[in-house]
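Undergrad: Let me give you the structure first, and then I'll get to my questions.
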Amino acid sequence: MEKRFTKQEKADAIKLILEDLYPEVPIPLDHKDPYTLLVAVLLSAQCTDKRVNEVTPALFELADNPLDMSRQSVDDIRAIIRPCGLSPRKSKAIYDLSHILLEEHDGQVPQSFEALERLPGVGHKTASVVMSQAFGVPAFPVDTHIQRLAYRWTLSTGKSVEKTEKDLKRLFPKESWNDLHLQIIFFGREYCPARGHDPLKCPICSIYGRKTLFK
């Protein structure tokens with residue numbers, strides 16, 4: 001008879017698997033401080049971390065702090081970040097938020113979700129990444145990849161990123177959130193991709209995945 005797991009049992013088991021596979025969780029985006037992380041995360045929207053890391057050295061050579069960035073033109077910023085996509089919007093956001101940081105935050109990246117989400121180009125997911133990775137504040141940034149895996153593992157309905165974040169926060173202990181969201185991303189890339197995925201070979205889907213995966 002097929003064993004049935006509660007949602008919490010699945011979450012607990014998945015957490016142990018991820019901790020075993022990824023005891024160390026390096027931050028994927030290259031940066032040296034909260035400002036360069038904020039810019040890198042903003043650039044990563046609809047772009048791979050690999051591409052962002054290829055682009056940011058030239059950008060940060062041009063300007064790696066709000067004051068220097070505010071002295072550049074939007075066109076110069078855009079010319080460098082073009083490979084990341086959405087460059088008109090992203091270049092203006094980087095330029096504008098640099099001015100706001102100088103005018104309203106003494107040139108520092110604010111350490112609150114509310115202040116971060118008021119910055120141009122910064123949504124809840126970006127703010128969550130900065131709060132967790134720059135300041136160590138418990139957060140659970142959910143992108144489309146984490147949303148996809150949470151649905152595959154029946155931890156959430158997948159109806160929205162917001163719903164998935166709430167579901168995962170309920171299932172996993174707060175002190176694990178900052179590492180866990182990265183562990184899920186690493187696992188998705190290595191074992192559980194969107195395409196060409198074999199659930200029978202997946203350490204999690206083979207046990208805890210939706211049965212529809214096997215049809």
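In the structure tokens, each chain is lettered A, B, ... as it comes, each chain's residues begin at 1, and ligands are numbered from 1 in order of appearance.
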Once DSSP has gone over the backbone, tell me which residues of range 17-126 of chain A are in helix (DSSP H, G or I), as an MDAnalysis selection string.
TA: chainID A and resid 17:21 34:43 49:62 66:70 74:84 87:104 113:117 124:126
Undergrad: Could you name the residues that touch His181 in chain A at 10 Å or less, counting only C-alpha atoms, but leaving out those on the same chain fewer than 3 positions away, as a VMD selection string?
TA: chain A and resid 25 129 132 139 to 143 146 168 176 to 178 184 to 187
Undergrad: Output N, CA and C atoms for every residue in that selection, as a compact mmCIF listing (two decimals), in the first residue's frame.
TA:
```txt
# COMPACT_ATOMS: atom_id res chain seq x y z
N VAL A 25 25.82 27.01 1.46
CA VAL A 25 24.96 27.66 0.48
C VAL A 25 25.53 29.03 0.11
N VAL A 129 15.42 39.05 -0.88
CA VAL A 129 16.79 38.57 -1.13
C VAL A 129 17.79 39.47 -0.41
N SER A 132 17.63 39.02 3.43
CA SER A 132 18.17 37.75 3.90
C SER A 132 19.67 37.64 3.65
N ALA A 139 13.94 35.62 5.74
CA ALA A 139 13.02 35.91 4.63
C ALA A 139 12.99 34.69 3.73
N PHE A 140 11.96 34.57 2.92
CA PHE A 140 11.85 33.42 2.03
C PHE A 140 11.54 33.93 0.62
N PRO A 141 12.56 34.43 -0.08
CA PRO A 141 12.32 34.92 -1.44
C PRO A 141 11.81 33.79 -2.34
N VAL A 142 10.69 33.99 -2.98
CA VAL A 142 10.13 32.96 -3.85
C VAL A 142 10.10 33.49 -5.28
N ASP A 143 10.86 32.83 -6.15
CA ASP A 143 10.79 33.15 -7.57
C ASP A 143 9.99 32.06 -8.27
N ILE A 146 11.24 28.40 -7.43
CA ILE A 146 10.81 27.87 -6.12
C ILE A 146 9.32 27.59 -6.14
N LEU A 168 5.19 28.05 2.37
CA LEU A 168 6.52 27.58 2.74
C LEU A 168 6.95 28.11 4.11
N SER A 176 15.53 28.53 9.20
CA SER A 176 16.04 27.82 8.02
C SER A 176 15.77 28.56 6.71
N TRP A 177 14.93 29.60 6.75
CA TRP A 177 14.47 30.23 5.51
C TRP A 177 15.60 30.73 4.62
N ASN A 178 16.59 31.42 5.21
CA ASN A 178 17.61 32.06 4.39
C ASN A 178 18.45 31.06 3.62
N ILE A 184 16.86 25.19 -2.33
CA ILE A 184 15.84 24.79 -3.29
C ILE A 184 16.25 25.20 -4.70
N ILE A 185 16.79 26.40 -4.84
CA ILE A 185 17.25 26.87 -6.16
C ILE A 185 18.35 25.96 -6.70
N PHE A 186 19.36 25.65 -5.86
CA PHE A 186 20.45 24.79 -6.29
C PHE A 186 19.93 23.40 -6.67
N PHE A 187 19.00 22.89 -5.86
CA PHE A 187 18.44 21.57 -6.14
C PHE A 187 17.69 21.57 -7.48
```
Undergrad: Please determine, counting only C-alpha atoms, which residue among A:Val137, A:Val74, A:Val52, A:Leu37 has the shortest atom-to-atom distance to Lys174 in chain A.
TA: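 Checking each candidate against Lys174 in chain A, we get A:Val137 as the closest.
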Undergrad: Hey, what's within 9 Å of range 112-118 of chain A if we count only C-alpha atoms and toss same-chain stuff fewer than 5 positions away? As a VMD selection string, please?
TA: chain A and resid 123 to 124 126 to 128 130 to 131
Undergrad: Name the residues in contact with Leu171 in chain A at a cut-off of 9 Å, using only C-alpha atoms, excluding same-chain residues fewer than 2 positions from it; report them as a list in words.
TA: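 So the residues in contact are Lys7, Gln8, Ala11, Asp12, Leu155, Lys166, Asp167, Leu168, Lys169 and Pro173 of chain A.
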Undergrad: Let me see the file: selected residues, N, CA and C atoms, as a compact mmCIF listing (two decimals), in the first residue's frame.
TA:
```txt
# COMPACT_ATOMS: atom_id res chain seq x y z
N LYS A 7 1.63 17.04 4.62
CA LYS A 7 2.43 18.13 4.06
C LYS A 7 3.62 18.46 4.97
N GLN A 8 3.39 18.44 6.27
CA GLN A 8 4.48 18.74 7.20
C GLN A 8 5.54 17.65 7.18
N ALA A 11 7.63 18.28 4.16
CA ALA A 11 8.50 19.44 4.35
C ALA A 11 9.70 19.08 5.23
N ASP A 12 9.46 18.36 6.31
CA ASP A 12 10.54 17.98 7.21
C ASP A 12 11.56 17.09 6.50
N LEU A 155 3.78 21.04 -1.73
CA LEU A 155 3.86 21.89 -0.54
C LEU A 155 3.01 23.14 -0.69
N LYS A 166 3.75 32.14 1.63
CA LYS A 166 3.04 31.92 2.89
C LYS A 166 3.03 30.44 3.27
N ASP A 167 2.79 29.58 2.28
CA ASP A 167 2.75 28.14 2.55
C ASP A 167 4.11 27.63 3.03
N LEU A 168 5.19 28.05 2.37
CA LEU A 168 6.52 27.58 2.74
C LEU A 168 6.95 28.11 4.11
N LYS A 169 6.57 29.34 4.40
CA LYS A 169 6.91 29.92 5.70
C LYS A 169 6.20 29.18 6.83
N PRO A 173 10.86 25.98 9.53
CA PRO A 173 11.22 26.86 10.65
C PRO A 173 11.90 28.13 10.16
```
Undergrad: Restricting the calculation to only C-alpha atoms, which member of A:Cys47, A:Leu21, A:Val39, A:Ala58 is positioned closest to Asp96 in chain A?
TA: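 Looking at the shortest contact to Asp96 in chain A, the residue is A:Val39.
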Undergrad: To one decimal in Å, tell me the separation between CA of Lys32 in chain A and CA of Gly188 in chain A.
TA: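 Here the two named atoms are 26.0 Å from each other.
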Undergrad: So how many Å separate CA of Ala93 in chain A and CA of Lys159 in chain A, to one decimal?
TA: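 Pair CA of Ala93 in chain A / CA of Lys159 in chain A returns 28.6 Å.
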Undergrad: Which value, in Å to one decimal, gives the distance between CA of Leu18 in chain A and CA of Gln183 in chain A?
TA: 6.1 Å
Undergrad: Neighbouring residues of Cys205 in chain A were defined as those with any atom within 10 Å, considering only C-alpha atoms; residues of the same chain fewer than 6 positions away were excluded. Please report them as a PyMOL selection string.
TA: chain A and resi 14+149+152-154+191-192+197-199+211+213-214
Undergrad: From the set A:Tyr95, A:Tyr151, A:Phe135, A:Phe5, which residue has the shortest atom-to-atom contact distance to Leu119 in chain A, counting only C-alpha atoms?
TA: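 The answer is A:Tyr95, which sits nearest to Leu119 in chain A.
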Undergrad: Hey, what's within 12 Å of Ser44 in chain A if we count only C-alpha atoms and toss same-chain stuff fewer than 4 positions away? As a list in words, please?
TA: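 Everything that qualifies: Pro28, Leu29, Asp30, Leu37, Leu38, Val39, Ala40, Thr48, Asp49, Lys50, Arg51, Val52, Asn53, Glu54, Val55, Thr56, Ile81, Pro83, Cys84, Gly85, Leu86, Ser87, Lys90, Gly121, Val122, Lys125, Thr126, Val129 and Asp143 of chain A.
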